[in-house]
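**Q** Have a peek at final-v5.txt (compact mmCIF, C-alpha atoms).
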# COMPACT_ATOMS: atom_id res chain seq x y z
CA MET A 1 183.65 121.38 209.56
CA THR A 2 185.04 118.65 207.35
CA THR A 3 188.02 119.06 205.03
CA LEU A 4 188.22 117.08 201.82
CA PRO A 5 191.59 115.45 201.07
CA THR A 6 194.10 116.97 198.67
CA ALA A 7 195.63 115.09 195.71
CA ALA A 8 198.68 114.41 197.87
CA ASP A 9 196.45 113.00 200.63
CA VAL A 10 194.74 110.71 198.14
CA LEU A 11 198.06 109.55 196.71
CA ASP A 12 199.39 108.85 200.21
CA ARG A 13 196.36 106.75 200.95
CA GLU A 14 196.12 104.92 197.64
CA PHE A 15 199.77 104.44 196.66
CA LEU A 16 200.40 101.01 198.15
CA GLU A 17 197.03 99.71 196.98
CA VAL A 18 197.57 100.93 193.41
CA ARG A 19 201.09 99.49 193.42
CA ALA A 20 199.72 96.12 194.57
CA LYS A 21 197.01 96.12 191.89
CA ILE A 22 199.48 96.98 189.11
CA LEU A 23 201.67 94.13 190.34
CA GLN A 24 198.70 91.75 190.27
CA VAL A 25 197.97 92.67 186.66
CA ALA A 26 201.65 92.35 185.71
CA ALA A 27 201.92 88.95 187.35
CA ALA A 28 198.70 87.73 185.68
CA LEU A 29 199.97 88.83 182.25
CA ASP A 30 203.31 87.08 182.97
CA ARG A 31 201.35 83.94 183.91
CA ILE A 32 199.43 84.05 180.63
CA ASP A 33 202.68 84.50 178.68
CA ARG A 34 204.41 81.64 180.53
CA ALA A 35 201.55 79.24 179.85
CA SER A 36 201.44 77.12 176.71
CA GLY A 37 199.49 78.36 173.71
CA ASP A 38 198.88 81.84 172.36
CA VAL A 39 195.99 84.16 173.24
CA GLN A 40 197.18 87.27 171.42
CA THR A 41 194.17 87.09 169.09
CA ASP A 42 191.67 86.32 171.88
CA PRO A 43 189.27 89.31 172.07
CA ARG A 44 189.56 89.31 175.88
CA ARG A 45 193.34 89.68 175.69
CA GLN A 46 192.86 92.54 173.26
CA GLN A 47 190.33 94.17 175.61
CA ILE A 48 192.88 93.97 178.41
CA GLN A 49 195.50 95.56 176.17
CA ARG A 50 193.17 98.44 175.28
CA GLY A 51 192.27 98.83 178.96
CA LEU A 52 195.95 99.19 179.86
CA GLU A 53 196.37 101.81 177.15
CA THR A 54 193.35 103.70 178.55
CA LEU A 55 195.08 103.85 181.95
CA LEU A 56 197.86 105.91 180.38
CA ALA A 57 195.46 108.60 179.14
CA SER A 58 195.11 111.87 181.03
CA GLY A 59 191.86 113.23 182.50
CA ASP A 60 189.50 111.75 185.06
CA GLY A 61 187.30 109.58 182.80
CA ARG A 62 189.48 106.47 182.80
CA ALA A 63 187.09 104.25 184.76
CA GLU A 64 184.16 105.04 182.46
CA ALA A 65 186.33 104.53 179.35
CA ILE A 66 187.53 101.16 180.61
CA GLN A 67 183.96 100.10 181.40
CA LEU A 68 182.93 100.97 177.85
CA GLY A 69 185.93 99.10 176.46
CA PHE A 70 184.69 95.92 178.15
CA SER A 71 181.06 96.41 177.01
CA ARG A 72 179.03 95.12 174.09
CA PRO A 73 178.03 97.94 171.74
CA TYR A 74 174.58 99.52 172.08
CA GLU A 75 172.63 99.86 168.87
CA GLN A 76 169.97 102.51 168.82
CA ASP A 77 167.70 100.62 166.41
CA TRP A 78 167.50 97.44 168.50
CA GLN A 79 163.71 97.77 168.82
CA GLN A 80 163.25 97.66 165.03
CA ALA A 81 165.38 94.50 164.96
CA PHE A 82 163.33 92.81 167.71
CA PHE A 83 159.88 94.06 166.71
CA PRO A 84 160.03 94.88 162.98
CA ALA A 85 156.26 95.04 162.41
CA GLU A 86 155.61 97.68 165.11
CA MET B 1 174.90 105.52 211.67
CA ASP B 2 171.43 104.14 210.93
CA TYR B 3 171.08 102.98 207.33
CA PHE B 4 168.56 101.40 204.97
CA ASP B 5 169.81 98.67 202.58
CA PRO B 6 167.56 99.18 199.56
CA HIS B 7 168.48 95.97 197.73
CA ILE B 8 169.41 92.81 199.59
CA HIS B 9 168.29 89.19 199.05
CA MET B 10 167.75 88.04 202.60
CA VAL B 11 166.11 84.74 201.60
CA SER B 12 169.68 83.68 200.75
CA ARG B 13 171.15 84.81 204.05
CA THR B 14 171.21 83.31 207.52
CA THR B 15 169.44 84.67 210.58
CA ASP B 16 172.90 85.52 211.91
CA ASP B 17 173.21 87.99 209.04
CA TYR B 18 170.07 89.81 210.22
CA GLU B 19 171.66 90.10 213.65
CA THR B 20 174.92 91.42 212.16
CA LEU B 21 173.06 93.93 210.00
CA ALA B 22 171.17 95.21 213.04
CA LYS B 23 174.42 95.60 214.97
CA MET B 24 175.93 97.54 212.05
CA GLY B 25 173.09 100.08 212.06
CA CYS B 26 170.71 98.61 209.49
CA VAL B 27 167.16 99.60 210.40
CA ALA B 28 165.36 98.53 207.21
CA VAL B 29 165.88 96.41 204.11
CA SER B 30 164.11 96.16 200.78
CA GLU B 31 164.24 92.78 199.09
CA PRO B 32 163.44 92.48 195.38
CA ALA B 33 162.32 89.15 193.96
CA PHE B 34 165.20 87.55 192.04
CA TRP B 35 166.61 84.41 190.50
CA ALA B 36 167.21 81.93 193.29
CA GLY B 37 170.11 80.14 191.56
CA PHE B 38 167.85 77.74 189.66
CA ASP B 39 164.86 78.14 187.32
CA ARG B 40 161.54 77.56 189.04
CA GLY B 41 159.21 75.26 187.15
CA SER B 42 155.72 76.54 187.89
CA VAL B 43 153.66 79.51 188.96
CA ASP B 44 153.11 77.78 192.31
CA GLY B 45 156.87 77.85 192.88
CA PHE B 46 156.69 81.64 192.61
CA ARG B 47 153.59 81.80 194.79
CA ASP B 48 155.52 80.05 197.57
CA TYR B 49 158.49 82.38 197.01
CA PHE B 50 156.23 85.44 197.28
CA ARG B 51 154.78 84.05 200.52
CA GLN B 52 158.31 83.70 201.86
CA LEU B 53 159.05 87.32 200.88
CA THR B 54 155.86 88.74 202.33
CA GLU B 55 155.39 86.53 205.40
CA PHE B 56 158.51 84.78 206.66
CA GLU B 57 161.23 87.32 205.88
CA PRO B 58 159.43 90.25 207.59
CA THR B 59 159.04 88.00 210.64
CA ARG B 60 162.72 87.02 210.66
CA ALA B 61 163.82 90.65 210.16
CA GLY B 62 161.50 91.72 212.96
CA TRP B 63 163.35 89.52 215.45
CA TYR B 64 166.21 92.03 215.18
CA GLY B 65 164.15 95.21 214.89
CA ILE B 66 164.70 95.51 211.13
CA GLN B 67 161.80 96.65 208.94
CA HIS B 68 161.50 94.39 205.88
CA TYR B 69 160.07 95.51 202.52
CA THR B 70 159.81 93.56 199.29
CA TRP B 71 159.21 93.74 195.52
CA LEU B 72 157.59 91.10 193.30
CA CYS B 73 158.30 89.84 189.78
CA ILE B 74 159.77 87.02 187.72
CA ASN B 75 163.43 87.87 187.19
CA ALA B 76 164.94 88.37 183.74
CA LYS B 77 166.96 85.16 184.05
CA GLU B 78 163.70 83.19 183.96
CA ALA B 79 162.03 85.43 181.37
CA GLU B 80 163.03 83.29 178.39
CA ASN B 81 160.03 81.17 179.39
CA VAL B 82 157.44 83.73 178.29
CA SER B 83 154.37 81.61 179.05
CA LEU B 84 155.49 80.96 182.65
CA SER B 85 156.39 84.64 182.98
CA ARG B 86 152.88 85.61 181.94
CA GLU B 87 151.37 83.22 184.49
CA VAL B 88 153.53 84.78 187.22
CA ILE B 89 152.70 88.34 186.15
CA ALA B 90 148.99 87.45 186.27
CA MET B 91 149.42 86.05 189.81
CA ILE B 92 151.43 88.99 191.28
CA PRO B 93 148.34 91.13 192.09
CA GLU B 94 147.34 88.52 194.70
CA PHE B 95 150.23 89.87 196.78
CA LEU B 96 150.33 93.59 196.02
CA ASP B 97 148.26 94.56 199.05
CA GLN B 98 150.34 92.48 201.47
CA PRO B 99 152.10 94.60 204.13
CA GLY B 100 155.59 95.64 203.07
CA VAL B 101 155.16 95.23 199.32
CA LEU B 102 156.68 98.30 197.61
CA GLY B 103 156.13 97.46 193.95
CA ILE B 104 157.29 95.48 190.93
CA GLY B 105 160.91 94.35 190.82
CA GLU B 106 163.60 93.61 190.23
CA ILE B 107 162.62 93.46 186.58
CA GLY B 108 165.05 94.10 183.75
CA LEU B 109 167.28 92.38 181.24
CA ASN B 110 169.93 89.70 181.62
CA LYS B 111 171.28 88.79 178.17
CA ASN B 112 169.33 91.55 176.40
CA THR B 113 167.10 89.20 174.41
CA LYS B 114 163.78 89.76 172.71
CA ASN B 115 161.90 87.55 175.19
CA GLU B 116 163.44 89.40 178.13
CA SER B 117 162.33 92.72 176.68
CA ILE B 118 158.78 91.38 176.13
CA VAL B 119 158.51 90.21 179.73
CA PHE B 120 160.06 93.45 180.98
CA GLN B 121 157.46 95.54 179.17
CA GLU B 122 154.63 93.36 180.45
CA HIS B 123 155.85 93.91 184.02
CA VAL B 124 155.94 97.68 183.38
CA GLU B 125 152.40 97.44 182.06
CA LEU B 126 151.31 95.72 185.29
CA ALA B 127 153.03 98.40 187.38
CA LEU B 128 151.27 101.15 185.46
CA LYS B 129 147.90 99.40 185.73
CA THR B 130 148.24 98.91 189.49
CA ASP B 131 150.07 102.21 190.18
CA GLU B 132 153.11 100.43 191.65
CA GLN B 133 156.68 101.67 191.83
CA ILE B 134 159.32 99.85 189.79
CA LEU B 135 162.76 98.53 190.74
CA ILE B 136 165.00 97.59 187.82
CA HIS B 137 167.88 95.14 187.48
CA THR B 138 170.49 96.00 184.86
CA PRO B 139 172.67 93.24 183.37
CA HIS B 140 176.18 92.44 184.51
CA LEU B 141 179.62 92.91 183.01
CA GLU B 142 179.79 93.16 179.20
CA ASP B 143 175.98 93.22 178.86
CA LYS B 144 175.40 96.11 181.27
CA TYR B 145 175.88 99.11 178.99
CA GLN B 146 173.82 97.72 176.12
CA GLY B 147 171.09 96.43 178.46
CA THR B 148 170.86 99.63 180.46
CA ARG B 149 170.46 101.69 177.31
CA MET B 150 167.78 99.27 176.05
CA ILE B 151 165.90 99.50 179.35
CA LEU B 152 166.05 103.29 179.26
CA ASP B 153 164.77 103.25 175.67
CA MET B 154 161.74 101.21 176.75
CA LEU B 155 161.04 103.34 179.80
CA THR B 156 161.49 106.75 178.21
CA SER B 157 159.27 105.88 175.26
CA ASP B 158 156.31 105.42 177.63
CA SER B 159 154.86 108.82 178.50
CA ARG B 160 152.60 107.32 181.20
CA LEU B 161 155.57 106.51 183.41
CA ASN B 162 156.51 108.74 186.36
CA ARG B 163 160.31 108.51 186.25
CA ALA B 164 160.63 109.65 189.89
CA ARG B 165 158.98 106.35 190.90
CA VAL B 166 161.50 104.13 189.09
CA LEU B 167 164.81 102.94 190.54
CA VAL B 168 167.41 101.62 188.07
CA ASP B 169 169.84 99.45 189.98
CA HIS B 170 173.42 98.20 189.59
CA VAL B 171 174.64 101.38 187.87
CA GLU B 172 178.36 101.86 187.35
CA GLU B 173 180.62 104.54 185.88
CA HIS B 174 179.41 104.04 182.29
CA THR B 175 175.66 103.88 183.01
CA VAL B 176 174.95 106.17 185.96
CA ARG B 177 174.89 109.38 183.91
CA HIS B 178 172.35 108.01 181.44
CA VAL B 179 170.03 106.94 184.27
CA LEU B 180 170.22 110.17 186.24
CA GLU B 181 169.96 112.44 183.21
CA ALA B 182 166.78 110.61 182.16
CA GLY B 183 165.25 111.49 185.55
CA PHE B 184 165.30 108.06 187.22
CA TRP B 185 166.73 107.08 190.59
CA ALA B 186 169.97 105.10 190.44
CA GLY B 187 171.26 102.37 192.75
CA MET B 188 174.89 101.36 193.15
CA THR B 189 175.46 97.75 194.15
CA LEU B 190 178.58 96.97 196.16
CA TYR B 191 179.89 93.58 195.12
CA PRO B 192 183.27 91.91 195.51
CA VAL B 193 184.12 91.29 191.81
CA SER B 194 181.39 92.44 189.42
CA LYS B 195 179.40 95.67 189.91
CA CYS B 196 180.79 98.45 192.13
CA THR B 197 183.18 98.74 195.08
CA PRO B 198 182.65 101.06 198.06
CA ALA B 199 185.47 103.32 196.81
CA ARG B 200 184.06 103.56 193.27
CA ALA B 201 180.58 104.22 194.67
CA ALA B 202 182.07 107.09 196.70
CA ASP B 203 183.71 108.37 193.50
CA ILE B 204 180.31 108.37 191.77
CA VAL B 205 178.73 110.33 194.64
CA GLU B 206 181.57 112.85 194.43
CA ARG B 207 181.13 113.18 190.68
CA TYR B 208 177.34 113.29 190.42
CA GLY B 209 176.24 114.45 193.88
CA PRO B 210 173.89 112.59 196.22
CA GLU B 211 170.57 113.40 194.53
CA ARG B 212 168.58 110.29 193.51
CA LEU B 213 171.51 107.98 194.34
CA LEU B 214 171.23 104.90 196.55
CA VAL B 215 173.81 102.34 197.65
CA ASN B 216 173.08 98.68 198.41
CA SER B 217 174.79 95.38 199.14
CA ALA B 218 172.58 93.02 197.07
CA GLY B 219 173.74 90.34 199.53
CA ASP B 220 172.59 87.09 197.92
CA TRP B 221 173.52 83.41 197.50
CA GLY B 222 176.72 84.19 195.55
CA PRO B 223 179.94 85.77 196.79
CA SER B 224 178.63 88.99 198.31
CA LYS B 225 178.89 91.00 201.50
CA PRO B 226 175.66 91.91 203.28
CA THR B 227 177.49 94.56 205.31
CA ALA B 228 178.82 96.40 202.24
CA VAL B 229 176.81 99.56 202.98
CA PRO B 230 178.74 100.18 206.22
CA ASP B 231 181.92 99.76 204.14
CA PHE B 232 180.68 102.61 201.94
CA ILE B 233 179.90 104.73 205.02
CA LEU B 234 183.45 104.16 206.29
CA GLU B 235 184.96 105.02 202.89
CA MET B 236 183.00 108.28 202.77
CA ARG B 237 184.11 109.17 206.30
CA ARG B 238 187.76 108.43 205.48
CA ARG B 239 187.48 110.91 202.61
CA GLY B 240 186.20 113.61 204.96
CA HIS B 241 182.61 113.79 203.73
CA PRO B 242 180.11 115.22 206.22
CA GLU B 243 177.76 112.90 208.07
CA SER B 244 174.78 114.72 206.56
CA LEU B 245 175.90 113.80 203.03
CA ILE B 246 176.51 110.16 203.94
CA ARG B 247 173.18 109.96 205.72
CA GLN B 248 171.41 111.39 202.69
CA VAL B 249 172.68 108.52 200.52
CA VAL B 250 172.23 105.62 202.94
CA TYR B 251 169.11 106.69 204.83
CA ASP B 252 167.23 109.76 203.60
CA ASN B 253 167.26 108.85 199.91
CA PRO B 254 165.84 105.34 200.37
CA ILE B 255 163.06 106.72 202.56
CA ARG B 256 162.33 109.44 200.02
CA PHE B 257 162.14 106.98 197.15
CA PHE B 258 160.29 104.17 198.93
CA GLY B 259 158.01 106.69 200.64
CA GLN B 260 156.25 107.13 197.31
CA SER B 261 154.90 103.59 197.57
CA ARG B 262 151.53 103.00 199.18
CA GLY B 263 153.06 99.97 200.93
CA PHE B 264 155.69 102.02 202.75
CA ARG B 265 155.24 102.19 206.53
CA GLY B 266 158.39 104.05 207.60
CA VAL B 267 161.42 102.68 209.44
CA PRO B 268 161.89 101.85 213.13
CA GLY B 269 162.82 104.91 215.19
CA ASP B 270 162.31 107.42 212.38
CA ALA B 271 160.79 110.56 213.87
CA SER B 272 160.74 112.54 210.62
Would you write the structure of this file as C-alpha cells?

**A**
Amino acid sequence: MTTLPTAADVLDREFLEVRAKILQVAAALDRIDRASGDVQTDPRRQQIQRGLETLLASGDGRAEAIQLGFSRPYEQDWQQAFFPAE
Amino acid sequence: MDYFDPHIHMVSRTTDDYETLAKMGCVAVSEPAFWAGFDRGSVDGFRDYFRQLTEFEPTRAGWYGIQHYTWLCINAKEAENVSLSREVIAMIPEFLDQPGVLGIGEIGLNKNTKNESIVFQEHVELALKTDEQILIHTPHLEDKYQGTRMILDMLTSDSRLNRARVLVDHVEEHTVRHVLEAGFWAGMTLYPVSKCTPARAADIVERYGPERLLVNSAGDWGPSKPTAVPDFILEMRRRGHPESLIRQVVYDNPIRFFGQSRGFRGVPGDAS
C-alpha cells in the first residue's frame, strides 16, 4: 500500500531546490541590470516579468500559464491564411 | 523495472549507451526518423539513413538484448524543400515492410510554415494510404503551442484518421490537454533545458492520469540524457506512486500503442 505525500512532505522535499532556483533567477536579473545597456523594452525581458507575476498567482495552473506566456499566439484561421483558395 | 523508450535517436548515440540502457532496464526502443543536425541533399541520403534505421540499429540494439523499432519520414526541419520531401515520401514505401518499422514519423511542424504543413499533410496521406501508424513531432519553445494546435487542426479535420493510432510527442503543460481531449496519444519528452523534466512529467501524470500517456528521453545528438526514463521512474517512486502505475506509463502503454502496428513483434521477455 503506497501513501502519497502531503503538502508538507512536498514542501520539505522541494524547499531547498525552489530556494536555489529563485536565487538563480534573482542573480540572472541582477546580472542583466549590472550589464551595460537597457533591455527593459526587449520582449523577452517583458515575458520574464510577466512570468514572475504569474508565479505570485494562486491556484495550481501556474506552469501552464507560464508556458502560454512564452508562446506565440495560435490563430484559428491559419488555414485560410495559408491556403486561401481551398 | 523493465521499460520501453518510445522515442530515442540511437543513431546519434554510442554503443556504450545501448549497454547502459540495457543495464537500466530498457528492453525496447522506438526510433523515429529525424533531422540529423544538417540538411541532407538528396533522396539517396535518406535511403541510406533508412537502411541504417532498419538494418544497422536493430543489429546494434540486439547485441544488448534490446528490441529496436523505427519510424520513417523526412523531418519538418527539412520540409521547406518541398520537392525533396516529395521524393522522400515517394521512396518511404520501399521500407515499410522491413522488420521493426512501426509507421510514419516523426512528422510535424518546426517553425509552423506553409511548406511544413504541406509536407506534413502529404505524410499523413501516405500513412492513410498504407494503413500505417503516425508519430508526430511538435515544435519547441515559443512555437510549440501554436504548432501543436495547427497539427491538431489538420488531424481532426480528416475523418479517415483513427486517432487511437496517432502519437503526438513532446507535449508539455500547455499542450497535453488539447492532445488527450482530441483522443490522441501523448508523449512527454524529458530533456535538460527545453521540453519536460522528470518532475514535470510526473506532475502531468498526476493531473491527467496515465491513460494514453508515454514518457521518452529523445536522446539525440544535442544535450540530452538517454537514461531520462529511469529518472522519471525514480521521481514517481519518490512520490509514493505504485509500481503498477509507473509500469503502465513506461512499459504497458508503449506496448499498447505500438501493438497496433503490423510491424510490432513484442518485446524481449514479455509473456503477456

**Q** Near chain B, meaning an atom within 9 Å, which residues of chain A appear when counting all atoms listed in the file? Write them as a PyMOL selection string.

**A** chain A and resi 1-5+10+61+63-76+78-79+82-83

**Q** Just C-alpha atoms for this one: save the residues we selected as a short mmCIF file (atom, residue, chain, number, x, y, z; two decimals), keeping the file's coordinate frame.

**A**
data_model
loop_
_atom_site.label_atom_id
_atom_site.label_comp_id
_atom_site.auth_asym_id
_atom_site.auth_seq_id
_atom_site.Cartn_x
_atom_site.Cartn_y
_atom_site.Cartn_z
CA MET A 1 183.65 121.38 209.56
CA THR A 2 185.04 118.65 207.35
CA THR A 3 188.02 119.06 205.03
CA LEU A 4 188.22 117.08 201.82
CA PRO A 5 191.59 115.45 201.07
CA VAL A 10 194.74 110.71 198.14
CA GLY A 61 187.30 109.58 182.80
CA ALA A 63 187.09 104.25 184.76
CA GLU A 64 184.16 105.04 182.46
CA ALA A 65 186.33 104.53 179.35
CA ILE A 66 187.53 101.16 180.61
CA GLN A 67 183.96 100.10 181.40
CA LEU A 68 182.93 100.97 177.85
CA GLY A 69 185.93 99.10 176.46
CA PHE A 70 184.69 95.92 178.15
CA SER A 71 181.06 96.41 177.01
CA ARG A 72 179.03 95.12 174.09
CA PRO A 73 178.03 97.94 171.74
CA TYR A 74 174.58 99.52 172.08
CA GLU A 75 172.63 99.86 168.87
CA GLN A 76 169.97 102.51 168.82
CA TRP A 78 167.50 97.44 168.50
CA GLN A 79 163.71 97.77 168.82
CA PHE A 82 163.33 92.81 167.71
CA PHE A 83 159.88 94.06 166.71
#

**Q** When you draw a straight line from atom CA of Pro230 of chain B to atom CA of Arg19 of chain A, how long is it in Å?

**A**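 If I compute the distance from atom CA of Pro230 of chain B to atom CA of Arg19 of chain A, I get 25.8 Å.
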
**Q** With a distance cut-off of 8 Å and all atoms listed in the file, select the neighbouring residues of Asp169 of chain B, excluding the residue or stretch itself and same-chain residues fewer than 3 positions from it, and output the selection as a ChimeraX atom specification.

**A** /B:135-138,186-189

**Q** List as a PyMOL selection string the protein and nucleic acid residues near Val29 of chain B, meaning an atom at most 8 Å away when all atoms listed in the file are counted, but skip any in the same chain fewer than 6 places from it.

**A** chain B and resi 4-8+66-69

**Q** Nearest to Tyr191 of chain B among B:Val171, B:Ala127, B:Ala228, B:Leu84, with distances taken over all atoms listed in the file: which residue is it?

**A**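 Among the listed residues, the smallest separation from Tyr191 of chain B belongs to B:Ala228.
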
**Q** How big is the axis-aligned box, and where does its centre sit, when it encloses all atoms of segment 41-46 of chain A listed in the file and has 5 Å added on every side, reported in Å to one decimal as JSON?

**A**
{"center_x": 191.7, "center_y": 89.4, "center_z": 172.5, "size_x": 14.9, "size_y": 16.2, "size_z": 16.8}

**Q** Excluding same-chain residues fewer than 4 positions from segment 211-220 of chain B, what lies within 9 Å of it counting all atoms listed in the file, as a PDB file with C-alpha atoms, in the coordinates of the input?

**A**
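Now in around_23.pdb:
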ATOM      1  CA  PHE B   4     168.560 101.400 204.970  1.00  0.00           C
ATOM      2  CA  ASP B   5     169.810  98.670 202.580  1.00  0.00           C
ATOM      3  CA  PRO B   6     167.560  99.180 199.560  1.00  0.00           C
ATOM      4  CA  HIS B   7     168.480  95.970 197.730  1.00  0.00           C
ATOM      5  CA  ILE B   8     169.410  92.810 199.590  1.00  0.00           C
ATOM      6  CA  HIS B   9     168.290  89.190 199.050  1.00  0.00           C
ATOM      7  CA  MET B  10     167.750  88.040 202.600  1.00  0.00           C
ATOM      8  CA  VAL B  11     166.110  84.740 201.600  1.00  0.00           C
ATOM      9  CA  SER B  12     169.680  83.680 200.750  1.00  0.00           C
ATOM     10  CA  ARG B  13     171.150  84.810 204.050  1.00  0.00           C
ATOM     11  CA  GLU B  31     164.240  92.780 199.090  1.00  0.00           C
ATOM     12  CA  ALA B  36     167.210  81.930 193.290  1.00  0.00           C
ATOM     13  CA  ALA B 164     160.630 109.650 189.890  1.00  0.00           C
ATOM     14  CA  LEU B 167     164.810 102.940 190.540  1.00  0.00           C
ATOM     15  CA  ASP B 169     169.840  99.450 189.980  1.00  0.00           C
ATOM     16  CA  HIS B 170     173.420  98.200 189.590  1.00  0.00           C
ATOM     17  CA  LEU B 180     170.220 110.170 186.240  1.00  0.00           C
ATOM     18  CA  GLY B 183     165.250 111.490 185.550  1.00  0.00           C
ATOM     19  CA  PHE B 184     165.300 108.060 187.220  1.00  0.00           C
ATOM     20  CA  TRP B 185     166.730 107.080 190.590  1.00  0.00           C
ATOM     21  CA  ALA B 186     169.970 105.100 190.440  1.00  0.00           C
ATOM     22  CA  GLY B 187     171.260 102.370 192.750  1.00  0.00           C
ATOM     23  CA  MET B 188     174.890 101.360 193.150  1.00  0.00           C
ATOM     24  CA  THR B 189     175.460  97.750 194.150  1.00  0.00           C
ATOM     25  CA  LEU B 190     178.580  96.970 196.160  1.00  0.00           C
ATOM     26  CA  TYR B 191     179.890  93.580 195.120  1.00  0.00           C
ATOM     27  CA  PRO B 198     182.650 101.060 198.060  1.00  0.00           C
ATOM     28  CA  ALA B 201     180.580 104.220 194.670  1.00  0.00           C
ATOM     29  CA  VAL B 205     178.730 110.330 194.640  1.00  0.00           C
ATOM     30  CA  SER B 224     178.630  88.990 198.310  1.00  0.00           C
ATOM     31  CA  LYS B 225     178.890  91.000 201.500  1.00  0.00           C
ATOM     32  CA  PRO B 226     175.660  91.910 203.280  1.00  0.00           C
ATOM     33  CA  THR B 227     177.490  94.560 205.310  1.00  0.00           C
ATOM     34  CA  ALA B 228     178.820  96.400 202.240  1.00  0.00           C
ATOM     35  CA  VAL B 229     176.810  99.560 202.980  1.00  0.00           C
ATOM     36  CA  PHE B 232     180.680 102.610 201.940  1.00  0.00           C
ATOM     37  CA  GLN B 248     171.410 111.390 202.690  1.00  0.00           C
ATOM     38  CA  VAL B 249     172.680 108.520 200.520  1.00  0.00           C
ATOM     39  CA  VAL B 250     172.230 105.620 202.940  1.00  0.00           C
ATOM     40  CA  TYR B 251     169.110 106.690 204.830  1.00  0.00           C
ATOM     41  CA  ASN B 253     167.260 108.850 199.910  1.00  0.00           C
ATOM     42  CA  PRO B 254     165.840 105.340 200.370  1.00  0.00           C
ATOM     43  CA  PHE B 257     162.140 106.980 197.150  1.00  0.00           C
TER      44      PHE B 257
END

**Q** One number please: atom CA of Asp97 of chain B to atom CA of Val267 of chain B, in Å, one decimal.

**A**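 Straight-line distance from atom CA of Asp97 of chain B to atom CA of Val267 of chain B works out to 18.6 Å.
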
**Q** Have a look at atom CA of Gly62 of chain B and atom CA of Thr15 of chain B and let me know their distance in Å, one decimal.

**A**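 Separation between atom CA of Gly62 of chain B and atom CA of Thr15 of chain B: 10.9 Å.
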
**Q** Can you tell me, as a list in words, which residues sit within 12 Å of (165.6, 76.9, 185.9) in the file's frame, using only C-alpha atoms?

**A**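 Those residues, ordered by chain and then number, are Trp35, Ala36, Gly37, Phe38, Asp39, Arg40, Gly41, Ser42, Gly45, Ile74, Asn75, Ala76, Lys77, Glu78, Ala79, Glu80, Asn81 and Leu84 of chain B.
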
**Q** Extract segment 27-31 of chain A from the structure I just pasted (atoms: all heavy atoms) and return it as a PDB file, in the first residue's frame.

**A**
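After the write, selection37.pdb holds the following:
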ATOM      1  N   ALA A  27      19.753  36.247  -9.361  1.00  0.00           N
ATOM      2  CA  ALA A  27      21.133  36.569  -9.750  1.00  0.00           C
ATOM      3  C   ALA A  27      21.221  36.892 -11.241  1.00  0.00           C
ATOM      4  O   ALA A  27      21.960  37.794 -11.653  1.00  0.00           O
ATOM      5  CB  ALA A  27      22.056  35.398  -9.395  1.00  0.00           C
ATOM      6  N   ALA A  28      20.447  36.163 -12.067  1.00  0.00           N
ATOM      7  CA  ALA A  28      20.466  36.435 -13.510  1.00  0.00           C
ATOM      8  C   ALA A  28      19.894  37.821 -13.804  1.00  0.00           C
ATOM      9  O   ALA A  28      20.441  38.571 -14.627  1.00  0.00           O
ATOM     10  CB  ALA A  28      19.669  35.359 -14.255  1.00  0.00           C
ATOM     11  N   LEU A  29      18.809  38.188 -13.091  1.00  0.00           N
ATOM     12  CA  LEU A  29      18.231  39.522 -13.301  1.00  0.00           C
ATOM     13  C   LEU A  29      19.204  40.603 -12.831  1.00  0.00           C
ATOM     14  O   LEU A  29      19.343  41.653 -13.477  1.00  0.00           O
ATOM     15  CB  LEU A  29      16.890  39.629 -12.568  1.00  0.00           C
ATOM     16  CG  LEU A  29      15.773  38.735 -13.122  1.00  0.00           C
ATOM     17  CD1 LEU A  29      14.519  38.848 -12.261  1.00  0.00           C
ATOM     18  CD2 LEU A  29      15.451  39.096 -14.571  1.00  0.00           C
ATOM     19  N   ASP A  30      19.901  40.351 -11.697  1.00  0.00           N
ATOM     20  CA  ASP A  30      20.937  41.294 -11.238  1.00  0.00           C
ATOM     21  C   ASP A  30      22.020  41.456 -12.300  1.00  0.00           C
ATOM     22  O   ASP A  30      22.490  42.571 -12.567  1.00  0.00           O
ATOM     23  CB  ASP A  30      21.589  40.780  -9.945  1.00  0.00           C
ATOM     24  CG  ASP A  30      20.671  40.928  -8.732  1.00  0.00           C
ATOM     25  OD1 ASP A  30      19.632  41.611  -8.859  1.00  0.00           O
ATOM     26  OD2 ASP A  30      21.002  40.347  -7.687  1.00  0.00           O
ATOM     27  N   ARG A  31      22.408  40.328 -12.913  1.00  0.00           N
ATOM     28  CA  ARG A  31      23.473  40.347 -13.928  1.00  0.00           C
ATOM     29  C   ARG A  31      23.051  41.206 -15.122  1.00  0.00           C
ATOM     30  O   ARG A  31      23.842  41.976 -15.656  1.00  0.00           O
ATOM     31  CB  ARG A  31      23.710  38.900 -14.380  1.00  0.00           C
ATOM     32  CG  ARG A  31      25.161  38.484 -14.434  1.00  0.00           C
ATOM     33  CD  ARG A  31      25.260  36.978 -14.673  1.00  0.00           C
ATOM     34  NE  ARG A  31      24.970  36.227 -13.464  1.00  0.00           N
ATOM     35  CZ  ARG A  31      24.214  35.129 -13.408  1.00  0.00           C
ATOM     36  NH1 ARG A  31      23.647  34.653 -14.495  1.00  0.00           N
ATOM     37  NH2 ARG A  31      24.019  34.525 -12.268  1.00  0.00           N
TER      38      ARG A  31
END
